[in-house]
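Chemist: Pasting run-v4.txt below, which is compact mmCIF, C-alpha atoms (C1' of nucleotides).
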# COMPACT_ATOMS: atom_id res chain seq x y z
CA MET A 1 -19.20 4.79 2.73
CA GLN A 2 -16.82 5.19 5.57
CA LEU A 3 -14.68 2.31 4.38
CA ASN A 4 -12.98 4.37 1.71
CA ARG A 5 -11.81 6.99 4.10
CA ILE A 6 -10.40 4.48 6.53
CA VAL A 7 -8.65 2.60 3.76
CA ALA A 8 -7.24 5.81 2.32
CA PHE A 9 -5.85 6.88 5.65
CA HIS A 10 -4.12 3.60 6.35
CA LYS A 11 -2.87 3.23 2.81
CA THR A 12 -1.28 6.64 3.05
CA MET A 13 0.34 5.88 6.37
CA GLY A 14 1.57 2.54 5.14
CA ASP A 15 4.74 4.01 3.72
CA PRO A 16 7.95 4.63 5.67
CA THR A 17 8.76 7.89 3.94
CA ARG A 18 5.38 9.35 4.74
CA ILE A 19 5.57 8.24 8.35
CA ARG A 20 8.92 9.94 8.60
CA ILE A 21 7.52 13.12 7.08
CA VAL A 22 4.66 13.11 9.55
CA HIS A 23 7.13 12.49 12.33
CA LEU A 24 9.17 15.50 11.25
CA LEU A 25 6.15 17.77 10.90
CA ALA A 26 4.93 16.75 14.35
CA LYS A 27 7.84 18.79 15.69
CA GLY A 28 6.86 21.84 13.68
CA PRO A 29 6.30 23.06 10.13
CA LEU A 30 9.04 22.64 7.54
CA HIS A 31 9.54 23.61 3.92
CA GLY A 32 9.97 21.08 1.15
CA GLN A 33 13.70 21.23 0.72
CA ALA A 34 14.28 20.88 4.43
CA ILE A 35 12.24 17.69 4.43
CA ALA A 36 14.07 16.42 1.38
CA GLY A 37 17.41 17.16 3.02
CA LYS A 38 16.56 15.49 6.30
CA LEU A 39 15.28 12.38 4.61
CA GLY A 40 17.92 12.18 1.90
CA LEU A 41 15.39 12.29 -0.91
CA THR A 42 14.80 14.65 -3.82
CA PRO A 43 12.20 17.43 -3.83
CA PRO A 44 9.95 15.74 -6.43
CA THR A 45 9.68 12.72 -4.19
CA ILE A 46 8.70 14.93 -1.28
CA THR A 47 6.09 16.67 -3.38
CA HIS A 48 4.70 13.29 -4.30
CA HIS A 49 4.31 12.26 -0.68
CA LEU A 50 3.03 15.61 0.50
CA ASN A 51 0.29 15.36 -2.11
CA LYS A 52 -0.81 12.06 -0.67
CA LEU A 53 -0.77 13.50 2.82
CA LYS A 54 -2.78 16.51 1.63
CA ASP A 55 -5.29 14.20 -0.03
CA ILE A 56 -6.26 12.82 3.34
CA ASN A 57 -6.20 16.25 4.89
CA LEU A 58 -3.29 15.45 7.14
CA VAL A 59 -1.08 18.25 5.86
CA TYR A 60 -1.76 21.81 4.85
CA GLN A 61 0.55 24.54 3.65
CA ARG A 62 1.22 28.22 4.10
CA ARG A 63 3.39 30.38 1.94
CA ASP A 64 5.99 32.74 3.33
CA LYS A 65 7.84 34.70 0.67
CA ASN A 66 9.25 32.18 -1.68
CA THR A 67 9.05 29.13 0.49
CA ILE A 68 6.06 27.03 1.36
CA TYR A 69 5.80 25.63 4.84
CA PHE A 70 3.97 22.39 5.44
CA TYR A 71 2.03 21.82 8.62
CA LEU A 72 0.70 18.69 10.21
CA ASN A 73 -3.01 18.57 10.98
CA GLU A 74 -2.74 16.61 14.18
CA SER A 75 -6.44 16.45 14.91
CA VAL A 76 -7.07 14.54 11.72
CA LEU A 77 -4.43 12.08 12.72
CA GLN A 78 -5.89 11.60 16.18
CA HIS A 79 -9.33 11.13 14.74
CA GLN A 80 -8.42 8.71 11.97
CA ALA A 81 -6.22 6.61 14.19
CA LYS A 82 -9.30 5.79 16.22
CA ALA A 83 -11.68 5.40 13.31
CA LEU A 84 -10.76 1.82 12.52
CA VAL A 85 -11.34 0.60 16.06
CA LYS A 86 -14.60 2.49 16.25
CA MET A 87 -15.79 1.00 13.01
CA LEU A 88 -15.48 -2.48 14.45
CA GLU A 89 -17.30 -1.54 17.60
CA GLU A 90 -20.30 -0.29 15.67
CA GLU A 91 -23.51 -2.26 15.36
CA GLU A 92 -22.66 -5.08 13.04
CA GLU A 93 -25.77 -5.46 10.96
CA LEU A 94 -26.36 -1.78 10.77
CA THR A 95 -23.07 -0.99 9.15
CA LEU A 96 -23.12 -3.76 6.67
CA MET A 97 -26.75 -3.36 5.74
CA ALA A 98 -26.20 0.29 5.23
CA ASN A 99 -23.25 -0.37 3.02
CA ASP A 100 -25.04 -2.92 0.91
CA GLU A 101 -28.07 -0.72 0.61
CA ALA A 102 -26.05 2.34 -0.25
CA ALA A 103 -24.13 0.41 -2.88
CA LYS A 104 -27.39 -0.67 -4.45
CA VAL A 105 -28.80 2.84 -4.53
CA ILE A 106 -25.59 4.18 -6.04
CA LYS A 107 -25.60 1.44 -8.62
CA ASN A 108 -29.19 2.24 -9.57
CA PHE A 109 -28.89 5.98 -9.85
CA PHE A 110 -25.57 6.30 -11.59
CA ALA A 111 -25.18 5.49 -15.26
CA ALA A 112 -22.32 3.43 -16.61
CA ASP A 113 -20.50 6.60 -17.66
CA GLY A 114 -20.50 7.77 -14.05
CA THR A 115 -23.15 10.48 -14.42
CA LEU A 116 -26.19 10.74 -12.20
CA LYS A 117 -29.28 9.48 -14.01
CA SER A 118 -31.70 11.38 -11.79
CA ILE A 119 -32.04 12.81 -8.32
CA PRO A 120 -33.82 10.33 -6.05
CA ALA A 121 -37.16 11.49 -4.64
CA GLN A 122 -36.88 9.50 -1.43
CA ARG A 123 -34.99 11.44 1.16
CA LYS A 124 -32.96 8.45 2.28
CA LYS A 125 -31.77 7.59 -1.20
CA LYS A 126 -31.20 11.23 -1.99
CA LEU A 127 -28.85 11.55 0.95
CA ILE A 128 -26.95 8.45 -0.09
CA ILE A 129 -26.40 9.98 -3.51
CA PHE A 130 -25.39 13.36 -2.14
CA GLU A 131 -23.02 11.85 0.33
CA HIS A 132 -21.47 9.91 -2.48
CA LEU A 133 -21.06 13.08 -4.53
CA MET A 134 -19.49 14.83 -1.56
CA GLN A 135 -16.56 12.47 -1.71
CA GLY A 136 -15.13 14.66 -4.42
CA PHE A 137 -14.68 17.45 -1.88
CA LYS A 138 -12.25 17.62 0.94
CA ILE A 139 -13.63 18.21 4.42
CA GLY A 140 -12.64 21.58 5.84
CA GLU A 141 -11.61 22.81 2.40
CA LYS A 142 -13.00 26.02 0.88
CA TYR A 143 -14.34 26.23 -2.66
CA GLU A 144 -15.57 28.99 -4.95
CA GLU A 145 -19.19 28.67 -6.04
CA LYS A 146 -17.91 28.21 -9.56
CA GLU A 147 -15.78 25.26 -8.52
CA VAL A 148 -18.73 23.64 -6.80
CA ASN A 149 -20.87 24.11 -9.89
CA GLU A 150 -18.24 22.69 -12.19
CA TYR A 151 -17.83 19.65 -10.02
CA ILE A 152 -21.54 18.93 -9.85
CA LYS A 153 -21.96 19.46 -13.59
CA LYS A 154 -19.75 16.47 -14.21
CA TYR A 155 -22.57 14.38 -12.76
CA HIS A 156 -25.81 16.24 -13.47
CA GLN A 157 -26.88 19.29 -15.42
CA ASP A 158 -29.05 20.71 -12.62
CA TYR A 159 -26.13 21.84 -10.53
CA ALA A 160 -28.06 24.64 -8.84
CA THR A 161 -30.54 22.29 -7.21
CA ILE A 162 -27.87 19.94 -6.02
CA ARG A 163 -25.70 22.78 -4.76
CA ARG A 164 -28.66 24.09 -2.78
CA GLU A 165 -29.24 20.63 -1.36
CA PHE A 166 -25.62 20.52 -0.24
CA ILE A 167 -26.32 23.56 1.90
CA ILE A 168 -29.74 22.45 3.12
CA ASN A 169 -28.36 19.13 4.27
CA GLN A 170 -25.36 20.75 5.86
CA TYR A 171 -22.74 19.06 3.81
CA MET A 172 -21.43 22.55 3.16
CA TYR A 173 -21.60 25.97 4.66
CA ARG A 174 -21.70 29.14 2.56
CA GLU A 175 -20.27 32.53 3.44
CA ASN A 176 -19.71 35.37 0.98
CA GLY A 177 -19.94 33.04 -1.96
CA ILE A 178 -17.30 30.72 -0.51
CA TYR A 179 -18.32 27.17 0.20
CA GLU A 180 -16.69 25.24 3.00
CA VAL A 181 -17.16 21.52 3.50
CA ASN A 182 -18.52 20.74 6.94
CA PRO A 183 -17.16 18.00 9.15
CA LYS A 184 -19.08 14.79 8.77
CA GLU A 185 -20.73 15.07 12.16
CA MET A 186 -22.83 17.92 10.78
CA TRP A 187 -24.10 16.12 7.73
CA ALA A 188 -27.75 15.15 7.45
CA LYS A 189 -28.53 11.58 8.45
CA SER A 190 -31.01 9.45 6.57
CA GLU A 191 -32.66 8.19 9.74
CA MET B 192 13.08 0.18 14.94
CA GLN B 193 9.45 0.76 15.69
CA LEU B 194 8.91 2.41 12.32
CA ASN B 195 8.75 -0.88 10.49
CA ARG B 196 6.03 -2.26 12.64
CA ILE B 197 3.90 0.84 12.34
CA VAL B 198 4.35 0.96 8.60
CA ALA B 199 3.55 -2.73 8.28
CA PHE B 200 0.35 -2.37 10.25
CA HIS B 201 -0.93 0.58 8.25
CA LYS B 202 0.11 -0.91 4.95
CA THR B 203 -1.82 -4.04 5.76
CA MET B 204 -4.91 -2.10 6.76
CA GLY B 205 -4.69 0.07 3.68
CA ASP B 206 -6.68 -2.36 1.59
CA PRO B 207 -10.48 -2.52 1.40
CA THR B 208 -10.65 -6.29 1.25
CA ARG B 209 -8.58 -6.68 4.37
CA ILE B 210 -10.62 -4.10 6.24
CA ARG B 211 -13.74 -6.01 5.29
CA ILE B 212 -12.22 -9.27 6.48
CA VAL B 213 -11.30 -7.68 9.80
CA HIS B 214 -14.78 -6.27 10.01
CA LEU B 215 -16.27 -9.71 9.51
CA LEU B 216 -13.97 -11.38 12.01
CA ALA B 217 -14.79 -8.75 14.60
CA LYS B 218 -18.20 -10.39 14.81
CA GLY B 219 -16.71 -13.82 15.37
CA PRO B 220 -14.43 -16.41 13.79
CA LEU B 221 -15.10 -17.66 10.29
CA HIS B 222 -13.59 -20.21 7.96
CA GLY B 223 -12.00 -19.30 4.66
CA GLN B 224 -14.82 -20.24 2.33
CA ALA B 225 -17.32 -18.34 4.40
CA ILE B 226 -15.21 -15.22 4.10
CA ALA B 227 -14.77 -15.78 0.38
CA GLY B 228 -18.51 -16.18 -0.03
CA LYS B 229 -19.45 -13.12 1.95
CA LEU B 230 -16.97 -10.95 0.08
CA GLY B 231 -17.55 -12.42 -3.36
CA LEU B 232 -13.93 -13.39 -3.82
CA THR B 233 -12.15 -16.70 -4.39
CA PRO B 234 -10.45 -18.73 -1.64
CA PRO B 235 -6.90 -18.08 -2.92
CA THR B 236 -7.50 -14.37 -2.63
CA ILE B 237 -8.69 -14.82 0.93
CA THR B 238 -5.63 -16.90 1.76
CA HIS B 239 -3.48 -14.12 0.37
CA HIS B 240 -5.07 -11.51 2.60
CA LEU B 241 -5.21 -13.72 5.67
CA ASN B 242 -1.47 -14.26 5.31
CA LYS B 243 -0.91 -10.53 5.41
CA LEU B 244 -3.13 -10.23 8.44
CA LYS B 245 -1.29 -13.08 10.14
CA ASP B 246 2.04 -11.43 9.37
CA ILE B 247 1.11 -8.54 11.61
CA ASN B 248 -0.33 -10.87 14.20
CA LEU B 249 -3.85 -9.59 13.73
CA VAL B 250 -5.34 -12.96 12.88
CA TYR B 251 -4.73 -16.44 14.21
CA GLN B 252 -6.32 -19.74 13.31
CA ARG B 253 -7.66 -22.86 14.91
CA ARG B 254 -8.49 -26.08 13.18
CA ASP B 255 -11.73 -27.95 13.71
CA LYS B 256 -11.92 -31.17 11.73
CA ASN B 257 -11.38 -30.20 8.17
CA THR B 258 -12.05 -26.53 8.40
CA ILE B 259 -9.83 -23.82 9.74
CA TYR B 260 -11.40 -20.98 11.64
CA PHE B 261 -9.78 -17.59 11.61
CA TYR B 262 -9.94 -15.34 14.65
CA LEU B 263 -9.29 -11.64 15.04
CA ASN B 264 -6.73 -10.62 17.63
CA GLU B 265 -8.47 -7.47 18.77
CA SER B 266 -5.87 -6.43 21.30
CA VAL B 267 -3.25 -6.10 18.58
CA LEU B 268 -5.59 -3.90 16.66
CA GLN B 269 -6.31 -1.69 19.64
CA HIS B 270 -2.63 -1.42 20.39
CA GLN B 271 -1.45 -0.67 16.87
CA ALA B 272 -4.15 1.85 16.21
CA LYS B 273 -2.69 3.96 19.00
CA ALA B 274 0.96 3.33 18.15
CA LEU B 275 1.18 5.97 15.46
CA VAL B 276 -0.17 8.73 17.65
CA LYS B 277 2.07 7.67 20.50
CA MET B 278 5.09 7.70 18.28
CA LEU B 279 4.54 11.35 17.52
CA GLU B 280 4.03 12.22 21.15
CA GLU B 281 7.33 10.69 22.18
CA GLU B 282 10.39 12.79 22.97
CA GLU B 283 11.57 13.94 19.61
CA GLU B 284 15.33 13.70 20.00
CA LEU B 285 15.09 10.54 22.01
CA THR B 286 13.32 8.55 19.38
CA LEU B 287 15.46 9.70 16.55
CA MET B 288 18.73 9.46 18.41
CA ALA B 289 17.90 5.94 19.50
CA ASN B 290 17.08 4.98 15.98
CA ASP B 291 20.22 6.54 14.57
CA GLU B 292 22.35 4.84 17.16
CA ALA B 293 20.76 1.46 16.62
CA ALA B 294 21.14 1.85 12.88
CA LYS B 295 24.83 2.59 13.33
CA VAL B 296 25.39 -0.45 15.53
CA ILE B 297 23.55 -2.67 13.09
CA LYS B 298 25.54 -1.25 10.21
CA ASN B 299 28.80 -1.92 12.02
CA PHE B 300 28.12 -5.46 13.11
CA PHE B 301 26.48 -6.87 10.04
CA ALA B 302 28.50 -7.67 6.93
CA ALA B 303 27.40 -6.71 3.46
CA ASP B 304 26.07 -10.21 2.87
CA GLY B 305 23.71 -9.82 5.83
CA THR B 306 25.59 -12.09 8.25
CA LEU B 307 26.63 -11.05 11.72
CA LYS B 308 30.35 -10.28 11.84
CA SER B 309 30.62 -10.79 15.61
CA ILE B 310 28.59 -10.63 18.78
CA PRO B 311 29.07 -7.24 20.45
CA ALA B 312 30.68 -7.30 23.87
CA GLN B 313 28.88 -4.22 25.16
CA ARG B 314 25.53 -5.16 26.60
CA LYS B 315 23.74 -2.25 24.98
CA LYS B 316 25.01 -3.03 21.52
CA LYS B 317 24.43 -6.71 22.03
CA LEU B 318 20.79 -6.09 22.80
CA ILE B 319 20.41 -3.95 19.72
CA ILE B 320 21.76 -6.79 17.61
CA PHE B 321 19.61 -9.40 19.30
CA GLU B 322 16.50 -7.32 19.00
CA HIS B 323 17.25 -6.90 15.33
CA LEU B 324 17.64 -10.65 14.92
CA MET B 325 14.36 -11.21 16.74
CA GLN B 326 12.51 -9.48 13.93
CA GLY B 327 12.64 -12.75 12.06
CA PHE B 328 10.34 -14.30 14.65
CA LYS B 329 6.70 -13.62 15.23
CA ILE B 330 5.63 -12.59 18.69
CA GLY B 331 3.50 -15.21 20.42
CA GLU B 332 4.52 -17.85 17.89
CA LYS B 333 6.03 -21.18 18.93
CA TYR B 334 9.16 -22.66 17.35
CA GLU B 335 11.06 -25.93 17.58
CA GLU B 336 14.60 -25.63 18.85
CA LYS B 337 15.76 -26.79 15.46
CA GLU B 338 13.91 -23.97 13.75
CA VAL B 339 15.47 -21.43 16.07
CA ASN B 340 18.92 -22.84 15.39
CA GLU B 341 18.42 -22.82 11.66
CA TYR B 342 17.30 -19.24 11.72
CA ILE B 343 20.25 -18.06 13.79
CA LYS B 344 22.71 -20.02 11.65
CA LYS B 345 21.81 -17.84 8.71
CA TYR B 346 23.51 -15.01 10.59
CA HIS B 347 26.20 -16.58 12.78
CA GLN B 348 27.71 -20.02 13.26
CA ASP B 349 27.54 -19.89 17.06
CA TYR B 350 23.82 -20.41 17.22
CA ALA B 351 23.88 -22.04 20.66
CA THR B 352 25.26 -18.93 22.36
CA ILE B 353 22.82 -16.66 20.66
CA ARG B 354 19.90 -18.97 21.33
CA ARG B 355 20.86 -19.00 25.01
CA GLU B 356 21.04 -15.22 25.00
CA PHE B 357 17.54 -15.11 23.57
CA ILE B 358 16.34 -16.92 26.68
CA ILE B 359 18.51 -15.00 29.14
CA ASN B 360 17.27 -11.69 27.81
CA GLN B 361 13.69 -12.89 27.77
CA TYR B 362 13.09 -12.50 24.10
CA MET B 363 11.87 -16.08 24.22
CA TYR B 364 10.59 -18.56 26.72
CA ARG B 365 11.41 -22.28 26.55
CA GLU B 366 9.21 -25.16 27.62
CA ASN B 367 9.80 -28.81 26.71
CA GLY B 368 12.10 -27.84 23.89
CA ILE B 369 9.52 -25.50 22.39
CA TYR B 370 10.46 -21.83 22.10
CA GLU B 371 7.81 -19.16 22.31
CA VAL B 372 8.48 -15.53 21.48
CA ASN B 373 7.64 -13.26 24.39
CA PRO B 374 5.66 -10.04 24.05
CA LYS B 375 7.92 -7.05 23.66
CA GLU B 376 7.19 -5.76 27.14
CA MET B 377 9.21 -8.64 28.54
CA TRP B 378 12.30 -8.07 26.46
CA ALA B 379 15.52 -6.88 28.09
CA LYS B 380 16.11 -3.16 27.85
CA SER B 381 19.52 -1.67 27.18
CA GLU B 382 19.17 0.94 29.91
C1' DT C 383 -6.25 -47.09 0.82
C1' DA C 384 -9.34 -44.15 -1.84
C1' DT C 385 -12.11 -40.22 -1.79
C1' DC C 386 -13.78 -35.96 -0.35
C1' DT C 387 -13.28 -31.19 1.30
C1' DA C 388 -10.85 -27.06 2.61
C1' DA C 389 -6.86 -24.53 2.13
C1' DT C 390 -2.71 -23.28 -0.05
C1' DT C 391 0.67 -22.69 -3.72
C1' DA C 392 2.09 -21.57 -8.46
C1' DG C 393 1.85 -18.88 -12.24
C1' DA C 394 -0.19 -15.15 -14.93
C1' DT C 395 -2.01 -10.55 -15.52
C1' DA C 396 -3.12 -6.01 -14.63
C1' DT C 397 -2.57 -2.18 -11.92
C1' DA C 398 -0.42 0.89 -8.65
C1' DT C 399 3.34 3.40 -6.88
C1' DA C 400 8.03 5.11 -5.01
C1' DT C 401 11.78 7.18 -6.85
C1' DC C 402 14.69 9.92 -9.84
C1' DA C 403 16.42 13.26 -13.60
C1' DA C 404 15.04 16.77 -16.50
C1' DA C 405 11.90 20.27 -17.70
C1' DA C 406 8.44 23.62 -16.52
C1' DT C 407 6.14 27.02 -13.16
C1' DA C 408 5.64 30.48 -9.86
C1' DA C 409 6.82 33.89 -6.94
C1' DA C 410 10.29 37.12 -5.22
C1' DA C 411 14.12 40.16 -5.70
C1' DG C 412 17.12 42.82 -8.11
C1' DC D 413 12.30 42.55 -17.37
C1' DT D 414 15.70 39.31 -15.93
C1' DT D 415 17.48 36.34 -12.59
C1' DT D 416 17.13 33.50 -8.67
C1' DT D 417 14.98 30.16 -5.73
C1' DA D 418 11.43 26.70 -4.34
C1' DT D 419 8.11 23.78 -5.93
C1' DT D 420 5.72 21.05 -9.18
C1' DT D 421 5.05 18.38 -13.40
C1' DT D 422 6.55 14.94 -16.83
C1' DG D 423 8.24 10.80 -18.16
C1' DA D 424 10.84 6.68 -17.18
C1' DT D 425 11.93 2.68 -14.42
C1' DA D 426 11.64 -0.72 -11.10
C1' DT D 427 9.06 -2.93 -7.81
C1' DA D 428 4.98 -4.45 -5.37
C1' DT D 429 0.55 -6.41 -5.11
C1' DA D 430 -4.56 -7.81 -5.74
C1' DT D 431 -6.87 -11.03 -8.19
C1' DC D 432 -7.87 -15.03 -10.87
C1' DT D 433 -7.48 -20.08 -12.69
C1' DA D 434 -5.34 -24.39 -12.32
C1' DA D 435 -2.72 -27.47 -9.73
C1' DT D 436 -1.28 -29.19 -5.27
C1' DT D 437 -1.37 -30.28 -0.40
C1' DA D 438 -3.36 -31.65 4.11
C1' DG D 439 -6.75 -33.75 6.88
C1' DA D 440 -10.84 -36.29 7.61
C1' DT D 441 -13.88 -39.94 6.50
C1' DA D 442 -15.41 -43.97 4.43
Could I get this structure in the form of structure tokens?
Modeler:
Amino acid sequence: MQLNRIVAFHKTMGDPTRIRIVHLLAKGPLHGQAIAGKLGLTPPTITHHLNKLKDINLVYQRRDKNTIYFYLNESVLQHQAKALVKMLEEEEELTLMANDEAAKVIKNFFAADGTLKSIPAQRKKKLIIFEHLMQGFKIGEKYEEKEVNEYIKKYHQDYATIRREFIINQYMYRENGIYEVNPKEMWAKSE
Amino acid sequence: MQLNRIVAFHKTMGDPTRIRIVHLLAKGPLHGQAIAGKLGLTPPTITHHLNKLKDINLVYQRRDKNTIYFYLNESVLQHQAKALVKMLEEEEELTLMANDEAAKVIKNFFAADGTLKSIPAQRKKKLIIFEHLMQGFKIGEKYEEKEVNEYIKKYHQDYATIRREFIINQYMYRENGIYEVNPKEMWAKSE
DNA sequence: TATCTAATTAGATATATATCAAAATAAAAG
DNA sequence: CTTTTATTTTGATATATATCTAATTAGATA
């Protein structure tokens, strides 16, 4: 469901410290202590906020010697800023129906303990389940095959099948045993 | 400072229930119980969220007989969604300098108890103080003269002068003793 | 005026989270 | 291998807030 992503973005940006960090990084990468100094806060606090910004893919990091530089991912910001408006412009019934329907499918196929009871046979339902599972991955991020397996195993023992489906349906792209999460535009659509 | 407004907007939108309310209202006005019904929540909870949405001017209401209909103010949404991106595109030094300067003026002219020590003589500083005071009003909202006076009195005993300045500098517009807060575009600029 | 309906307020509870100090890690440099 | 430096983790604290039930208010209608 797209709702979660939109909520997560706005929730993250709904904090003055994080806005100020983003504002700083818009001028160029900085390391943690520099941010802490400029904002008059301690390094642990900056780590805390950078984690939230990384969670929504807005910030990434690169190490140089002993210091880690944090970069702003401006395209994500541009994209998400528009997402809310777009969501409202979408076909009304469509969106809501889809959400209700998806919620029902998810409710039916997941057990109370959060594991996947079975893989749906119907393509449409299958995609709803897979898309739901994909929420545990970050778009654009790279994962080892082992990591992917471990993640899927938390939900279902047949991780190989599901991992293959992730590729078939273009949720992920594989190269040299490294899995990268595709942007959502590339994902399979149920209709 | 623009920061507050941007933070407030994103904070408000960073909640799934409020996004769903906005999504509903995008299709047309609704009354409270209808919203509560559609979302499976109780009326008090809806009131709570509608208040937050009204605080950022995203929702307004109109009464019809016994029921109050809530409307989405789409232009505010469009505008705010872009504000964050624009903020980052602005001249770096400019924005920050302006903020620092304004913060200094505010710090100098307000006492520790929050009251205004004196009205600045310099036009630029005066406008900074007035603009700060205006944050207690909601844009587009209408107020009785008495309400305006009461508000100003919390900060300074000479409410008449300040109230007059509000009109002169186009923060507000007066008609038949009713004061309406102008959109920010109309406000006096210090340069 | 009495009654009905819709909305709000009050009060309670549970959960989330921003921040810091202190401790632990991790990588580089000597 | 030890020391230094930057970052992260842990644990504590204070504050905010989403939600509910019960009580109250505000308007309309009879």
Chemist: Could you list, as JSON, numbers by chain, every residue of chain D that has an atom within 7 Å of an atom of chain B, counting only C-alpha atoms (C1' of nucleotides)?
Modeler: {"D": [431, 439, 440]}
Chemist: Can you pull out every residue within 12 Å of DG423 of chain D, counting all atoms listed in the file, but drop anything in the same chain fewer than 3 positions away, and send it as a list in words?
Modeler: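 Surrounding residues, per the criterion: DC402, DA403, DA404 and DA405 of chain C.
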Chemist: Quick check: residues of chain A within 7 Å of chain B, all atoms listed in the file, returned as a PyMOL selection string.
Modeler: chain A and resi 7-8+10-11+13-16+23+26+78+81-82+85+88
Chemist: Hey, list the chain C side of the contact with chain B: 12 Å cut-off, only C-alpha atoms (C1' of nucleotides), answer as a compact mmCIF listing (two decimals) with C-alpha atoms (C1' of nucleotides), in the coordinates of the input.
Modeler:
# COMPACT_ATOMS: atom_id res chain seq x y z
C1' DC C 386 -13.78 -35.96 -0.35
C1' DT C 387 -13.28 -31.19 1.30
C1' DA C 388 -10.85 -27.06 2.61
C1' DA C 389 -6.86 -24.53 2.13
C1' DT C 390 -2.71 -23.28 -0.05
C1' DT C 391 0.67 -22.69 -3.72
C1' DA C 392 2.09 -21.57 -8.46
Chemist: What does the structure give for the distance between atom CA of Lys153 of chain A and atom CA of Ala121 of chain A, in Å to one decimal?
Modeler: 19.4 Å
Chemist: Would you work out the distance separating atom CA of Phe328 of chain B from atom CA of Ile226 of chain B, expressed in Å to one decimal?
Modeler: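 Value for the atom CA of Phe328 of chain B-atom CA of Ile226 of chain B distance: 27.7 Å.
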Chemist: Provide the atom CA of Ile343 of chain B to atom CA of Glu322 of chain B distance in Å, to one decimal place.
Modeler: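 Result for atom CA of Ile343 of chain B versus atom CA of Glu322 of chain B: 12.5 Å, one decimal.
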Chemist: Using only C-alpha atoms (C1' of nucleotides), what residues lie at most 10 Å away from (-3.7, -13.5, -16.4) (file coordinates), given as a PDB file with C-alpha atoms (C1' of nucleotides), in the frame of the given file?
Modeler:
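What follows is the written file part_38.pdb:
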ATOM      1  C1'  DG C 393       1.850 -18.880 -12.240  1.00  0.00           C
ATOM      2  C1'  DA C 394      -0.190 -15.150 -14.930  1.00  0.00           C
ATOM      3  C1'  DT C 395      -2.010 -10.550 -15.520  1.00  0.00           C
ATOM      4  C1'  DA C 396      -3.120  -6.010 -14.630  1.00  0.00           C
TER       5       DA C 396
ATOM      6  C1'  DT D 431      -6.870 -11.030  -8.190  1.00  0.00           C
ATOM      7  C1'  DC D 432      -7.870 -15.030 -10.870  1.00  0.00           C
ATOM      8  C1'  DT D 433      -7.480 -20.080 -12.690  1.00  0.00           C
TER       9       DT D 433
END
Chemist: Using all atoms listed in the file for the distances, tell me which of A:His156, A:Lys124, A:His132, A:Lys138 is nearest to Lys54 of chain A.
Modeler: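 Among the listed residues, A:Lys138 lies closest to Lys54 of chain A.
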Chemist: Rebuild segment 292-303 of chain B to N, CA and C atoms - output it as a PDB file, in the frame of the given file, please.
Modeler:
ATOM      1  N   GLU B 292      21.328   5.624  16.483  1.00  0.00           N
ATOM      2  CA  GLU B 292      22.350   4.840  17.160  1.00  0.00           C
ATOM      3  C   GLU B 292      22.211   3.360  16.826  1.00  0.00           C
ATOM      4  N   ALA B 293      20.996   2.869  16.927  1.00  0.00           N
ATOM      5  CA  ALA B 293      20.760   1.460  16.620  1.00  0.00           C
ATOM      6  C   ALA B 293      21.162   1.163  15.188  1.00  0.00           C
ATOM      7  N   ALA B 294      20.804   2.062  14.289  1.00  0.00           N
ATOM      8  CA  ALA B 294      21.140   1.850  12.880  1.00  0.00           C
ATOM      9  C   ALA B 294      22.650   1.756  12.708  1.00  0.00           C
ATOM     10  N   LYS B 295      23.376   2.583  13.457  1.00  0.00           N
ATOM     11  CA  LYS B 295      24.830   2.590  13.330  1.00  0.00           C
ATOM     12  C   LYS B 295      25.412   1.252  13.824  1.00  0.00           C
ATOM     13  N   VAL B 296      24.906   0.813  14.971  1.00  0.00           N
ATOM     14  CA  VAL B 296      25.390  -0.450  15.530  1.00  0.00           C
ATOM     15  C   VAL B 296      25.119  -1.594  14.554  1.00  0.00           C
ATOM     16  N   ILE B 297      23.914  -1.592  14.019  1.00  0.00           N
ATOM     17  CA  ILE B 297      23.550  -2.670  13.090  1.00  0.00           C
ATOM     18  C   ILE B 297      24.447  -2.622  11.853  1.00  0.00           C
ATOM     19  N   LYS B 298      24.682  -1.417  11.384  1.00  0.00           N
ATOM     20  CA  LYS B 298      25.540  -1.250  10.210  1.00  0.00           C
ATOM     21  C   LYS B 298      26.949  -1.776  10.488  1.00  0.00           C
ATOM     22  N   ASN B 299      27.432  -1.523  11.690  1.00  0.00           N
ATOM     23  CA  ASN B 299      28.800  -1.920  12.020  1.00  0.00           C
ATOM     24  C   ASN B 299      28.963  -3.424  12.213  1.00  0.00           C
ATOM     25  N   PHE B 300      27.950  -4.058  12.752  1.00  0.00           N
ATOM     26  CA  PHE B 300      28.120  -5.460  13.110  1.00  0.00           C
ATOM     27  C   PHE B 300      27.621  -6.450  12.071  1.00  0.00           C
ATOM     28  N   PHE B 301      26.905  -5.963  11.104  1.00  0.00           N
ATOM     29  CA  PHE B 301      26.480  -6.870  10.040  1.00  0.00           C
ATOM     30  C   PHE B 301      27.342  -6.655   8.803  1.00  0.00           C
ATOM     31  N   ALA B 302      27.713  -7.757   8.168  1.00  0.00           N
ATOM     32  CA  ALA B 302      28.500  -7.670   6.930  1.00  0.00           C
ATOM     33  C   ALA B 302      27.575  -7.347   5.771  1.00  0.00           C
ATOM     34  N   ALA B 303      28.179  -7.084   4.638  1.00  0.00           N
ATOM     35  CA  ALA B 303      27.400  -6.710   3.460  1.00  0.00           C
ATOM     36  C   ALA B 303      26.476  -7.846   3.019  1.00  0.00           C
TER      37      ALA B 303
END
